[in-house]
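Engineer: work.txt is reproduced in full below (compact mmCIF, C-alpha atoms).
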# COMPACT_ATOMS: atom_id res chain seq x y z
CA MET V 1 -51.69 34.74 29.85
CA MET V 2 -48.63 36.31 31.44
CA SER V 3 -49.11 38.63 34.34
CA ASP V 4 -48.14 42.30 34.08
CA LYS V 5 -45.49 41.82 36.70
CA PHE V 6 -43.76 39.10 34.75
CA ARG V 7 -43.85 41.06 31.52
CA VAL V 8 -42.32 44.13 33.12
CA PHE V 9 -39.66 41.94 34.74
CA ALA V 10 -38.88 40.42 31.35
CA LEU V 11 -38.69 43.90 29.84
CA ILE V 12 -36.23 45.04 32.50
CA VAL V 13 -34.02 42.00 31.96
CA ILE V 14 -34.10 42.38 28.17
CA SER V 15 -33.29 46.09 28.34
CA PHE V 16 -30.26 45.38 30.55
CA MET V 17 -29.12 42.65 28.17
CA VAL V 18 -29.37 45.03 25.23
CA ALA V 19 -27.41 47.61 27.23
CA TRP V 20 -24.59 45.11 27.94
CA ILE V 21 -24.43 44.16 24.28
CA LEU V 22 -24.34 47.79 23.18
CA MET V 23 -21.55 48.45 25.66
CA LEU V 24 -19.49 45.53 24.33
CA ILE V 25 -20.18 45.59 20.61
CA PRO V 26 -16.92 46.08 18.74
CA LEU V 27 -16.62 49.52 17.14
CA PRO V 28 -13.85 51.45 15.39
CA TYR V 29 -11.73 53.52 17.74
CA GLU V 30 -13.31 56.89 16.88
CA TRP V 31 -16.79 55.52 17.57
CA ARG V 32 -15.70 53.89 20.79
CA CYS V 33 -14.62 57.32 22.07
CA ILE V 34 -18.20 58.59 21.96
CA ARG V 35 -20.05 55.40 22.94
CA PRO V 36 -22.79 56.45 25.39
CA GLU V 37 -22.94 54.78 28.80
CA TRP V 38 -25.89 52.60 27.80
CA LEU V 39 -25.90 50.60 31.01
CA ALA V 40 -26.04 53.69 33.22
CA LEU V 41 -28.82 55.19 31.11
CA VAL V 42 -31.00 52.07 31.27
CA LEU V 43 -30.37 51.77 35.00
CA ILE V 44 -31.32 55.42 35.56
CA TYR V 45 -34.50 55.01 33.53
CA TRP V 46 -35.71 52.02 35.54
CA ILE V 47 -34.87 53.63 38.86
CA PHE V 48 -36.91 56.68 37.88
CA ALA V 49 -39.76 54.58 36.49
CA LEU V 50 -39.99 51.65 38.90
CA PRO V 51 -38.14 52.56 42.12
CA GLN V 52 -39.87 49.77 44.06
CA SER V 53 -38.44 46.99 41.90
CA VAL V 54 -35.15 48.40 40.56
CA GLY V 55 -32.65 49.78 43.04
CA ILE V 56 -29.15 49.77 44.36
CA MET V 57 -28.81 45.98 44.33
CA THR V 58 -29.88 45.80 40.67
CA GLY V 59 -27.38 48.50 39.75
CA TRP V 60 -24.55 46.75 41.54
CA SER V 61 -25.32 43.36 39.97
CA ALA V 62 -25.66 44.87 36.50
CA GLY V 63 -22.27 46.53 36.97
CA LEU V 64 -20.71 43.30 38.18
CA VAL V 65 -21.95 41.43 35.10
CA MET V 66 -20.42 44.23 33.01
CA ASP V 67 -17.11 43.70 34.82
CA ILE V 68 -17.22 39.97 34.15
CA LEU V 69 -17.98 40.47 30.47
CA ASN V 70 -15.42 43.24 30.18
CA GLY V 71 -12.72 41.15 31.84
CA GLU V 72 -11.02 44.14 33.43
CA LEU V 73 -10.58 44.86 37.12
CA LEU V 74 -13.43 43.10 38.94
CA GLY V 75 -15.70 45.50 40.82
CA GLN V 76 -15.02 48.81 39.12
CA TYR V 77 -18.20 48.95 37.05
CA ALA V 78 -20.13 47.49 39.99
CA LEU V 79 -19.00 50.39 42.17
CA SER V 80 -19.67 52.93 39.43
CA MET V 81 -23.22 51.65 38.79
CA LEU V 82 -23.84 51.48 42.53
CA ILE V 83 -23.04 55.17 42.88
CA VAL V 84 -25.23 56.00 39.89
CA ALA V 85 -28.13 54.01 41.38
CA TYR V 86 -27.72 55.60 44.79
CA LEU V 87 -27.69 59.15 43.39
CA ALA V 88 -30.58 58.39 41.04
CA ARG V 89 -32.70 57.31 43.98
CA LEU V 90 -31.79 60.48 45.84
CA LEU V 91 -32.67 62.75 42.93
CA ARG V 92 -35.72 60.82 41.72
CA THR V 93 -38.43 62.51 43.74
CA ARG V 94 -37.21 65.95 42.79
CA LEU V 95 -36.76 65.20 39.12
CA ARG V 96 -40.45 65.19 38.22
CA LEU V 97 -40.74 68.86 39.08
CA PHE V 98 -37.87 69.86 36.84
CA PRO V 99 -38.31 71.19 33.31
CA PHE V 100 -36.79 69.26 30.43
CA TRP V 101 -33.35 70.90 30.25
CA GLN V 102 -32.84 70.47 33.98
CA GLN V 103 -33.52 66.76 33.59
CA ALA V 104 -30.67 66.70 31.12
CA PHE V 105 -28.50 68.31 33.78
CA VAL V 106 -29.46 65.61 36.29
CA ILE V 107 -28.49 62.93 33.78
CA LEU V 108 -25.18 64.71 33.27
CA VAL V 109 -24.54 64.63 37.02
CA LEU V 110 -25.52 60.98 37.39
CA VAL V 111 -23.55 59.63 34.43
CA GLY V 112 -20.70 62.02 35.24
CA PHE V 113 -20.40 60.66 38.76
CA GLY V 114 -20.38 57.12 37.41
CA ASP V 115 -17.55 58.01 35.01
CA LEU V 116 -15.75 59.88 37.79
CA VAL V 117 -15.72 56.72 39.90
CA LEU V 118 -14.27 54.75 36.98
CA LEU V 119 -11.65 57.45 36.44
CA LEU V 120 -10.76 57.39 40.13
CA VAL V 121 -10.27 53.62 40.02
CA GLU V 122 -8.14 53.89 36.86
CA TRP V 123 -6.11 56.57 38.58
CA LEU V 124 -5.55 54.45 41.71
CA VAL V 125 -4.61 51.43 39.63
CA GLY V 126 -2.06 53.60 37.88
CA HIS V 127 -3.03 54.20 34.26
CA PRO V 128 -5.32 57.21 33.95
CA PRO V 129 -6.27 58.43 30.47
CA ARG V 130 -4.55 61.69 29.70
CA THR V 131 -7.06 63.48 27.48
CA LEU V 132 -10.32 65.31 28.02
CA LEU V 133 -11.79 62.94 25.45
CA TYR V 134 -12.50 60.72 28.44
CA TRP V 135 -15.66 62.73 29.08
CA ALA V 136 -17.03 62.34 25.54
CA PRO V 137 -19.23 59.35 26.53
CA THR V 138 -20.73 61.38 29.38
CA VAL V 139 -21.80 64.09 26.95
CA SER V 140 -23.07 61.66 24.33
CA SER V 141 -25.10 59.91 27.06
CA VAL V 142 -26.85 63.15 27.92
CA LEU V 143 -27.57 63.84 24.25
CA ILE V 144 -29.07 60.41 23.68
CA TRP V 145 -31.06 60.33 26.93
CA PRO V 146 -34.33 61.84 25.54
CA TRP V 147 -34.56 59.08 22.94
CA ILE V 148 -33.71 56.30 25.38
CA ASN V 149 -36.27 57.73 27.75
CA ARG V 150 -38.97 57.82 25.07
CA LEU V 151 -38.16 54.35 23.73
CA LEU V 152 -38.17 52.67 27.13
CA ARG V 153 -41.35 54.47 28.19
CA TYR V 154 -43.02 53.27 25.00
CA CYS V 155 -41.90 49.69 25.68
CA GLU V 156 -43.07 49.93 29.27
CA HIS V 157 -46.55 51.09 28.28
CA LYS V 158 -46.73 48.29 25.72
CA ALA V 159 -45.82 45.78 28.40
CA PHE V 160 -48.56 47.03 30.69
CA ALA V 161 -51.21 47.27 27.99
CA MET L 1 -26.44 50.72 55.11
CA ARG L 2 -26.80 48.25 52.26
CA THR L 3 -25.13 50.76 49.99
CA TRP L 4 -22.06 50.90 52.21
CA CYS L 5 -21.86 47.11 52.37
CA LEU L 6 -21.90 46.95 48.57
CA VAL L 7 -19.32 49.74 48.29
CA ALA L 8 -17.06 47.84 50.68
CA LEU L 9 -17.63 44.64 48.73
CA SER L 10 -16.71 46.23 45.39
CA VAL L 11 -13.61 47.84 46.85
CA ALA L 12 -12.61 44.53 48.44
CA LEU L 13 -13.08 42.80 45.07
CA MET L 14 -10.92 45.37 43.32
CA ILE L 15 -8.17 45.16 45.90
CA ALA L 16 -8.17 41.36 45.89
CA ASP L 17 -8.05 41.41 42.10
CA HIS L 18 -5.48 44.12 41.57
CA ARG L 19 -3.15 43.94 44.53
CA TYR L 20 -3.08 40.30 45.46
CA HIS L 21 -4.20 38.56 42.27
CA LYS L 22 -6.29 36.29 44.47
CA LEU L 23 -8.98 35.91 41.87
CA ALA L 24 -6.91 34.31 39.11
CA LEU L 25 -8.82 31.02 39.24
CA LEU L 26 -12.17 32.81 39.47
CA ARG L 27 -11.24 34.92 36.46
CA ASP L 28 -10.41 31.77 34.53
CA TYR L 29 -13.96 30.53 35.08
CA LEU L 30 -15.48 33.94 34.40
CA SER L 31 -13.60 34.16 31.09
CA LEU L 32 -15.27 30.86 30.15
CA ILE L 33 -18.68 32.42 30.81
CA ALA L 34 -17.81 35.57 28.90
CA TYR L 35 -16.42 33.75 25.84
CA PRO L 36 -19.77 32.66 24.30
CA VAL L 37 -21.23 36.11 25.01
CA HIS L 38 -18.43 37.77 23.09
CA TRP L 39 -18.79 35.21 20.34
CA VAL L 40 -22.46 36.11 19.96
CA ILE L 41 -21.82 39.87 20.16
CA ASP L 42 -19.11 39.55 17.57
CA ALA L 43 -21.35 37.54 15.22
CA PRO L 44 -22.77 40.48 13.22
CA THR L 45 -19.28 41.67 12.35
CA ARG L 46 -18.28 38.21 11.21
CA LEU L 47 -21.54 37.83 9.33
CA MET L 48 -20.87 41.07 7.51
CA ALA L 49 -17.44 39.85 6.51
CA VAL L 50 -19.00 36.66 5.13
CA GLY L 51 -21.76 38.63 3.40
CA GLN L 52 -19.16 40.87 1.80
CA LYS L 53 -17.75 37.85 0.00
CA TYR L 54 -21.06 37.24 -1.77
CA VAL L 55 -21.60 40.89 -2.60
CA ASP L 56 -18.21 41.39 -4.21
CA THR L 57 -18.43 41.52 -7.99
CA ALA L 58 -16.41 39.24 -10.20
CA GLN L 59 -14.50 42.24 -11.44
CA ASP L 60 -13.48 43.28 -7.93
CA LEU L 61 -12.37 39.76 -7.18
CA GLN L 62 -10.33 39.58 -10.36
CA ALA L 63 -8.66 42.88 -9.57
CA GLU L 64 -7.89 41.71 -6.05
CA ASN L 65 -6.57 38.42 -7.36
CA GLU L 66 -4.30 40.29 -9.73
CA ARG L 67 -3.01 42.51 -6.98
CA LEU L 68 -2.39 39.58 -4.64
CA LYS L 69 -0.47 37.74 -7.36
CA HIS L 70 1.79 40.74 -7.85
CA GLU L 71 2.31 41.01 -4.13
CA GLN L 72 3.09 37.32 -3.92
CA LEU L 73 5.70 37.69 -6.65
CA LEU L 74 7.36 40.59 -4.89
CA GLN L 75 7.31 38.82 -1.55
CA ASN L 76 8.83 35.70 -3.09
CA ALA L 77 11.61 37.75 -4.63
CA ARG L 78 12.33 39.30 -1.25
CA LEU L 79 12.18 35.94 0.44
CA GLN L 80 14.87 34.51 -1.83
CA LYS L 81 17.17 37.27 -0.78
CA LEU L 82 16.23 36.78 2.85
CA LEU L 83 17.05 33.08 2.73
CA ALA L 84 20.50 33.84 1.39
CA LEU L 85 21.00 36.47 4.06
CA GLU L 86 19.82 34.12 6.78
CA ALA L 87 22.28 31.46 5.67
CA GLU L 88 25.06 34.03 5.56
CA ASN L 89 24.10 35.32 8.99
CA ALA L 90 24.20 31.82 10.43
CA ARG L 91 27.67 31.24 8.91
CA LEU L 92 28.99 34.52 10.29
CA ARG L 93 27.56 33.76 13.71
CA ALA L 94 29.24 30.36 13.63
CA LEU L 95 32.52 32.04 12.65
CA LEU L 96 32.20 34.48 15.53
CA GLN L 97 31.16 31.63 17.84
CA SER L 98 28.41 33.85 19.22
CA SER L 99 25.30 32.54 20.91
CA PRO L 100 22.98 30.58 18.65
CA ALA L 101 20.26 32.56 16.94
CA LEU L 102 16.80 32.13 18.30
CA ASN L 103 14.16 30.48 16.21
CA GLU L 104 10.60 31.68 16.33
CA THR L 105 7.33 30.00 15.59
CA LEU L 106 4.13 31.90 15.03
CA LEU L 107 0.63 31.12 16.25
CA MET L 108 -2.25 32.88 14.54
CA ALA L 109 -4.99 34.30 16.73
CA GLU L 110 -8.06 36.43 16.24
CA ILE L 111 -9.00 39.43 18.34
CA ILE L 112 -12.42 38.66 19.76
CA GLN L 113 -12.90 41.63 22.04
CA ALA L 114 -11.51 45.11 22.33
CA ASN L 115 -12.01 46.94 25.58
CA THR L 116 -15.14 49.07 25.90
CA ASP L 117 -13.07 51.90 27.31
CA PRO L 118 -11.19 53.52 24.41
CA PHE L 119 -8.37 54.51 26.73
CA VAL L 120 -7.60 51.03 27.98
CA HIS L 121 -5.61 49.45 25.17
CA ARG L 122 -6.06 45.80 25.91
CA VAL L 123 -7.72 43.18 23.74
CA VAL L 124 -8.74 39.55 24.10
CA VAL L 125 -7.57 36.97 21.55
CA ASN L 126 -9.05 33.54 20.94
CA LYS L 127 -5.99 31.47 21.85
CA GLY L 128 -5.16 30.44 25.41
CA ALA L 129 -3.23 28.03 27.60
CA GLU L 130 -4.70 25.09 25.67
CA HIS L 131 -2.90 26.34 22.56
CA GLY L 132 0.37 26.81 24.41
CA VAL L 133 0.18 30.55 24.97
CA THR L 134 2.25 31.85 27.86
CA VAL L 135 2.41 35.18 29.66
CA GLY L 136 4.99 37.53 28.17
CA GLN L 137 4.73 36.29 24.61
CA PRO L 138 5.16 39.07 22.02
CA VAL L 139 2.29 39.69 19.63
CA ILE L 140 2.78 41.03 16.10
CA ASP L 141 0.72 41.60 12.98
CA ALA L 142 1.69 41.76 9.32
CA ASN L 143 3.22 45.23 9.72
CA GLY L 144 4.83 45.29 13.12
CA VAL L 145 4.68 44.80 16.85
CA VAL L 146 1.20 44.84 18.40
CA GLY L 147 1.93 44.16 22.07
CA GLU L 148 2.39 41.43 24.60
CA VAL L 149 0.34 38.70 26.30
CA ILE L 150 -0.40 39.70 29.90
CA GLU L 151 -3.00 37.19 31.03
CA VAL L 152 -3.65 33.63 29.93
CA HIS L 153 -6.91 31.74 30.42
CA PRO L 154 -7.73 28.24 29.17
CA TRP L 155 -9.09 29.33 25.77
CA VAL L 156 -8.52 33.04 25.56
CA SER L 157 -5.78 35.42 26.57
CA ARG L 158 -5.45 39.11 27.09
CA VAL L 159 -2.98 41.21 25.13
CA ILE L 160 -1.78 44.66 26.11
CA LEU L 161 -1.23 46.93 23.10
CA LEU L 162 1.92 48.99 22.92
CA THR L 163 -0.19 52.16 22.87
CA ASP L 164 -1.39 51.54 26.45
CA VAL L 165 -0.09 54.18 28.84
CA SER L 166 1.37 51.57 31.16
CA TYR L 167 3.48 49.92 28.48
CA GLY L 168 6.98 50.42 27.18
CA ILE L 169 9.25 48.59 24.75
CA PRO L 170 12.98 48.95 24.01
CA VAL L 171 13.75 49.90 20.41
CA GLU L 172 16.63 50.82 18.17
CA ASN L 173 16.93 53.16 15.21
CA VAL L 174 17.62 51.20 12.04
CA ARG L 175 19.56 54.05 10.42
CA SER L 176 21.79 55.19 13.27
CA GLY L 177 21.60 52.35 15.79
CA VAL L 178 20.49 54.72 18.56
CA ARG L 179 18.61 52.88 21.29
CA GLY L 180 15.66 54.08 23.30
CA ILE L 181 12.42 53.11 24.97
CA ILE L 182 9.03 53.64 23.39
CA ALA L 183 6.08 54.22 25.69
CA GLY L 184 2.37 54.27 24.92
CA THR L 185 0.46 57.51 25.32
CA GLY L 186 -3.09 56.17 25.43
CA ALA L 187 -3.79 57.55 21.95
CA MET L 188 -4.27 54.93 19.24
CA LYS L 189 -1.96 56.42 16.65
CA SER L 190 0.95 57.87 18.52
CA LEU L 191 3.72 56.57 20.72
CA GLN L 192 6.48 58.43 22.46
CA LEU L 193 10.20 57.76 22.35
CA GLN L 194 11.33 58.60 25.85
CA HIS L 195 14.45 60.22 27.23
CA VAL L 196 16.10 61.13 23.95
CA ALA L 197 18.83 63.71 24.40
CA ASN L 198 18.63 66.75 22.12
CA THR L 199 21.89 65.81 20.43
CA VAL L 200 21.03 62.25 19.46
CA ASP L 201 21.06 61.31 15.76
CA LEU L 202 17.38 61.01 14.98
CA ALA L 203 15.27 62.27 12.09
CA VAL L 204 11.65 62.27 11.05
CA GLY L 205 10.94 59.15 9.01
CA ASP L 206 13.46 56.95 10.82
CA ALA L 207 12.26 53.38 11.30
CA LEU L 208 12.43 51.97 14.81
CA VAL L 209 12.66 48.23 15.40
CA THR L 210 12.71 46.10 18.55
CA SER L 211 16.22 45.91 19.96
CA GLY L 212 15.66 42.63 21.73
CA LEU L 213 17.47 43.91 24.80
CA ASP L 214 14.52 43.13 27.03
CA GLY L 215 15.00 39.45 26.30
CA ARG L 216 11.33 39.23 25.42
CA TYR L 217 10.86 40.64 21.97
CA PRO L 218 12.93 39.10 19.21
CA PRO L 219 15.16 41.80 17.72
CA GLY L 220 14.30 43.39 14.39
CA TYR L 221 10.52 43.62 14.36
CA PRO L 222 9.31 47.05 13.21
CA VAL L 223 7.64 49.08 15.93
CA GLY L 224 7.06 52.44 14.28
CA THR L 225 8.43 55.41 12.39
CA VAL L 226 9.38 58.76 13.85
CA SER L 227 6.68 61.23 12.85
CA ARG L 228 7.62 64.38 14.72
CA ILE L 229 10.49 65.73 16.82
CA ASP L 230 10.18 68.80 19.04
CA TYR L 231 13.36 70.27 20.41
CA ASP L 232 12.82 72.51 23.42
CA PRO L 233 16.07 74.19 24.48
CA GLY L 234 14.71 74.47 28.02
CA GLU L 235 14.38 70.72 28.42
CA SER L 236 17.09 68.11 28.43
CA PHE L 237 15.10 65.65 26.34
CA ALA L 238 13.48 66.02 22.95
CA ARG L 239 9.83 65.12 22.51
CA VAL L 240 9.71 62.42 19.86
CA GLN L 241 6.42 61.19 18.45
CA VAL L 242 6.30 57.81 16.79
CA THR L 243 3.56 56.34 14.58
CA PRO L 244 3.12 52.61 15.23
CA SER L 245 3.71 50.30 12.25
CA ALA L 246 1.04 47.80 13.23
CA GLN L 247 -2.54 48.61 12.32
CA LEU L 248 -3.65 48.54 15.90
CA ASP L 249 -7.26 49.57 15.50
CA ARG L 250 -7.95 47.90 12.17
CA THR L 251 -6.43 44.48 12.44
CA ARG L 252 -8.29 41.38 13.54
CA LEU L 253 -5.69 38.70 12.95
CA VAL L 254 -2.52 38.77 15.01
CA LEU L 255 0.44 36.43 15.43
CA LEU L 256 1.74 35.22 18.77
CA VAL L 257 5.51 34.75 18.66
CA GLN L 258 6.90 31.70 20.36
CA ARG L 259 10.65 31.67 20.87
CA GLN L 260 12.54 28.42 20.80
CA LYS L 261 16.22 27.83 21.29
CA ASP L 262 17.91 26.40 18.24
CA LYS L 263 19.85 23.23 18.72
CA PRO L 264 23.51 24.23 18.85
Give the structure from the file, written as structure tokens.

Structural biologist:
Amino acid sequence: MMSDKFRVFALIVISFMVAWILMLIPLPYEWRCIRPEWLALVLIYWIFALPQSVGIMTGWSAGLVMDILNGELLGQYALSMLIVAYLARLLRTRLRLFPFWQQAFVILVLVGFGDLVLLLVEWLVGHPPRTLLYWAPTVSSVLIWPWINRLLRYCEHKAFA
Amino acid sequence: MRTWCLVALSVALMIADHRYHKLALLRDYLSLIAYPVHWVIDAPTRLMAVGQKYVDTAQDLQAENERLKHEQLLQNARLQKLLALEAENARLRALLQSSPALNETLLMAEIIQANTDPFVHRVVVNKGAEHGVTVGQPVIDANGVVGEVIEVHPWVSRVILLTDVSYGIPVENVRSGVRGIIAGTGAMKSLQLQHVANTVDLAVGDALVTSGLDGRYPPGYPVGTVSRIDYDPGESFARVQVTPSAQLDRTRLVLLVQRQKDKP
């Protein structure tokens, strides 16, 4: 019989693995433009749900793995996820009091800041994207958040049951 | 406190990677770790391609076979002409005592990963240093120029597409011989011909090919066709949009061009 702790740990690891795969899965160009920031969403969920076990270090490591798999500039996703994790921890305690549509706004801020960091790095490195389409993933992340939230909560309850 | 340490660490990593290229060896190893992951992630797509073969009806296959045979015939006819032209070209070059023509060999490679970010136009192909790939090698597909190898690891290498904003390639107009430089715009289906004076002989539909003046691309590979020209009297240069010839977002198989000097 596995302990609850182990099962939740396994669930966290599996959800991050799925997020990496969803981030990397090859898609046609038009679909890639609106790919949600799966990794950021999963990270945000776990920080809201289990702040004592998932935190800044987890976010940074998850971002670093993303960088390694992505093969681009090492450290950019790590920094982005770190910022997301830090802000999520700041906003967590307040979030529970918010109504539903304000939660969506918080997600927009969190994911938006993560994307802003990536944009800043791209800009410093010297090849910034030139269209507003850059923010499409931020918007699609907010739209898909309720479902991610529900799905992960369901899985979490199953793991505890 | 810990947050700041991690921020500093990420920034240090980025600087070491970007500015000083200190992590080249580390990246080699990391690419080895990432390779099987990409292989697994890519599996469904490959599986679907295999599955497609079994789902195709006999009729479809026959039709395709027919079409391919016709294509083959046409290509062969063209090839005959090309061989004659090549021989003639060689003779003329010999007569002119110009430098020997360069011979090219092609290495087929498969794109195994496109970047997650749709605005970074770089892909990973499944051939690397072990297969003799070197940095700076041009990459083409069946229709035209795709880009250039920018990073080589033992078994994989990274190719920058010509649509990337940080990339440019010298071209020449087939019809009028006008030369120019094409730069990527970050959009997948449009390039820009830069610094074209308003008076230059250029028309919509003109084919642009590599000029070879960069010493990297062999001359004569199609890059794109002019799709739109905007003349603004207030500006000294026309805005020229070019549609790339290569199917940059659809293709999976590409060819790496290897240049070899002919024996004189």

Engineer: Do you have, as a Markdown table, the list of residues of chain V lying at most 8 Å from chain L, each with its nearest atom pair and that distance in Å to one decimal, counting all atoms listed in the file and ordered by chain then number?

Structural biologist:
| residue | atom | partner | partner_atom | distance |
| --- | --- | --- | --- | --- |
| V:Ile21 | CA | L:Ile41 | CA | 6.5 |
| V:Met23 | CA | L:Thr116 | CA | 6.4 |
| V:Leu24 | CA | L:Thr116 | CA | 5.8 |
| V:Ile25 | CA | L:Ile41 | CA | 6.0 |
| V:Pro26 | CA | L:Ala114 | CA | 6.6 |
| V:Pro28 | CA | L:Asp249 | CA | 6.9 |
| V:Tyr29 | CA | L:Asp249 | CA | 6.4 |
| V:Arg32 | CA | L:Pro118 | CA | 5.8 |
| V:Cys33 | CA | L:Pro118 | CA | 5.6 |
| V:Ile56 | CA | L:Thr3 | CA | 7.0 |
| V:Trp60 | CA | L:Leu6 | CA | 7.5 |
| V:Ile68 | CA | L:Leu30 | CA | 6.3 |
| V:Leu69 | CA | L:Ala34 | CA | 5.1 |
| V:Asn70 | CA | L:Asn115 | CA | 6.8 |
| V:Gly71 | CA | L:Ser31 | CA | 7.1 |
| V:Leu73 | CA | L:Met14 | CA | 6.2 |
| V:Leu74 | CA | L:Met14 | CA | 5.5 |
| V:Gly75 | CA | L:Ser10 | CA | 4.7 |
| V:Gln76 | CA | L:Met14 | CA | 6.8 |
| V:Ala78 | CA | L:Ser10 | CA | 6.5 |
| V:Leu79 | CA | L:Ser10 | CA | 5.7 |
| V:Leu82 | CA | L:Val7 | CA | 7.5 |
| V:Tyr86 | CA | L:Thr3 | CA | 7.6 |
| V:Val125 | CA | L:His18 | CA | 7.6 |
| V:Gly126 | CA | L:Ser166 | CA | 7.8 |
| V:His127 | CA | L:Ser166 | CA | 6.0 |
| V:Pro128 | CA | L:Val165 | CA | 7.9 |
| V:Pro129 | CA | L:Phe119 | CA | 5.8 |
| V:Arg130 | CA | L:Gly186 | CA | 7.1 |
| V:Tyr134 | CA | L:Phe119 | CA | 7.7 |

Engineer: Let's have the selection written as a compact mmCIF listing (two decimals), in the coordinates of the input, with C-alpha atoms.

Structural biologist:
# COMPACT_ATOMS: atom_id res chain seq x y z
CA ILE V 21 -24.43 44.16 24.28
CA MET V 23 -21.55 48.45 25.66
CA LEU V 24 -19.49 45.53 24.33
CA ILE V 25 -20.18 45.59 20.61
CA PRO V 26 -16.92 46.08 18.74
CA PRO V 28 -13.85 51.45 15.39
CA TYR V 29 -11.73 53.52 17.74
CA ARG V 32 -15.70 53.89 20.79
CA CYS V 33 -14.62 57.32 22.07
CA ILE V 56 -29.15 49.77 44.36
CA TRP V 60 -24.55 46.75 41.54
CA ILE V 68 -17.22 39.97 34.15
CA LEU V 69 -17.98 40.47 30.47
CA ASN V 70 -15.42 43.24 30.18
CA GLY V 71 -12.72 41.15 31.84
CA LEU V 73 -10.58 44.86 37.12
CA LEU V 74 -13.43 43.10 38.94
CA GLY V 75 -15.70 45.50 40.82
CA GLN V 76 -15.02 48.81 39.12
CA ALA V 78 -20.13 47.49 39.99
CA LEU V 79 -19.00 50.39 42.17
CA LEU V 82 -23.84 51.48 42.53
CA TYR V 86 -27.72 55.60 44.79
CA VAL V 125 -4.61 51.43 39.63
CA GLY V 126 -2.06 53.60 37.88
CA HIS V 127 -3.03 54.20 34.26
CA PRO V 128 -5.32 57.21 33.95
CA PRO V 129 -6.27 58.43 30.47
CA ARG V 130 -4.55 61.69 29.70
CA TYR V 134 -12.50 60.72 28.44

Engineer: Rounded to one decimal place, report the atom CA of V:Ser80-atom CA of V:Val109 distance in Å.

Structural biologist: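 Value for the atom CA of V:Ser80-atom CA of V:Val109 distance: 12.9 Å.
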
Engineer: Skip V:Asn149 itself and residues of its chain fewer than 2 positions away, then list as a list in words all residues within 10 Å of it, counting all atoms listed in the file.

Structural biologist: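 Contacts, with the query itself left out: Leu41, Val42, Ile44, Tyr45, Trp46, Ala49, Ile144, Trp145, Pro146, Trp147, Leu151, Leu152, Arg153 and Tyr154 of chain V.
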
Engineer: Atom CA of L:Gln192 and atom CA of L:Gly177, how far apart in Å?

Structural biologist: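 Atom-to-atom, atom CA of L:Gly177 and atom CA of L:Gln192 are spaced 17.6 Å apart.
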
Engineer: Give as a ChimeraX atom specification each residue that has an atom at most 9 Å from (-31.1, 48.2, 40.5) in the file, counting only C-alpha atoms.

Structural biologist: /V:43-44,46-47,51,53-62,81-82,85

Engineer: If you measure from atom CA of L:Ile140 to atom CA of L:Ala24, what distance in Å do you get, rounded to one decimal?

Structural biologist: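 Those two atoms sit 25.9 Å apart.
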
Engineer: Give me the residues near L:His131 as a PyMOL selection string, where near means some atom within 9 Å (using all atoms listed in the file) and where sequence neighbours in that chain fewer than 2 positions away do not count.

Structural biologist: chain L and resi 107+127-129+133+154-155

Engineer: Select, from L:Leu213, L:Val152, L:Val223, L:Leu106, the residue with the minimum atom-to-atom distance to L:Ile182, counting all atoms listed in the file.

Structural biologist: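 Ranking L:Leu213, L:Val152, L:Val223, L:Leu106 by distance to L:Ile182, first place goes to L:Val223.
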
Engineer: Compute the distance from (-3.3, 31.6, 10.4) to each atom, counting all atoms listed in the file, keep the residues with any atom at most 12 Å away, and return them as a ChimeraX atom specification; use the coordinates of the file.

Structural biologist: /L:105-110,127,141-142,252-256

Engineer: From the set V:Val84, V:Glu72, V:Arg92, V:Pro99, which residue has the shortest atom-to-atom contact distance to V:Val121, counting all atoms listed in the file?

Structural biologist: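 Closest residue, counting all atoms listed in the file: V:Glu72.
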
Engineer: Can you list, as a list in words, every protein, DNA or RNA residue that comes within 7 Å of L:Val171 when you count only C-alpha atoms, leaving out same-chain residues fewer than 3 positions away?

Structural biologist: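 In the requested format, the answer is Arg179, Gly180, Ile181, Ile182, Leu208, Val209, Thr210 and Ser211 of chain L.
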
Engineer: Can you take the partial stretch 90-94 of chain L, add N, CA, C and O atoms, and return it as a tab-separated table (two decimals), in the coordinates of the input?

Structural biologist:
chain	number	residue	atom	x	y	z
L	90	ALA	N	23.90	33.00	9.62
L	90	ALA	CA	24.20	31.82	10.43
L	90	ALA	C	25.69	31.48	10.34
L	90	ALA	O	26.34	31.15	11.34
L	91	ARG	N	26.25	31.54	9.11
L	91	ARG	CA	27.67	31.24	8.91
L	91	ARG	C	28.53	32.21	9.70
L	91	ARG	O	29.46	31.82	10.41
L	92	LEU	N	28.19	33.51	9.60
L	92	LEU	CA	28.99	34.52	10.29
L	92	LEU	C	28.93	34.33	11.80
L	92	LEU	O	29.94	34.45	12.50
L	93	ARG	N	27.72	34.00	12.29
L	93	ARG	CA	27.56	33.76	13.71
L	93	ARG	C	28.42	32.60	14.15
L	93	ARG	O	29.06	32.63	15.21
L	94	ALA	N	28.43	31.53	13.32
L	94	ALA	CA	29.24	30.36	13.63
L	94	ALA	C	30.72	30.75	13.68
L	94	ALA	O	31.46	30.32	14.56
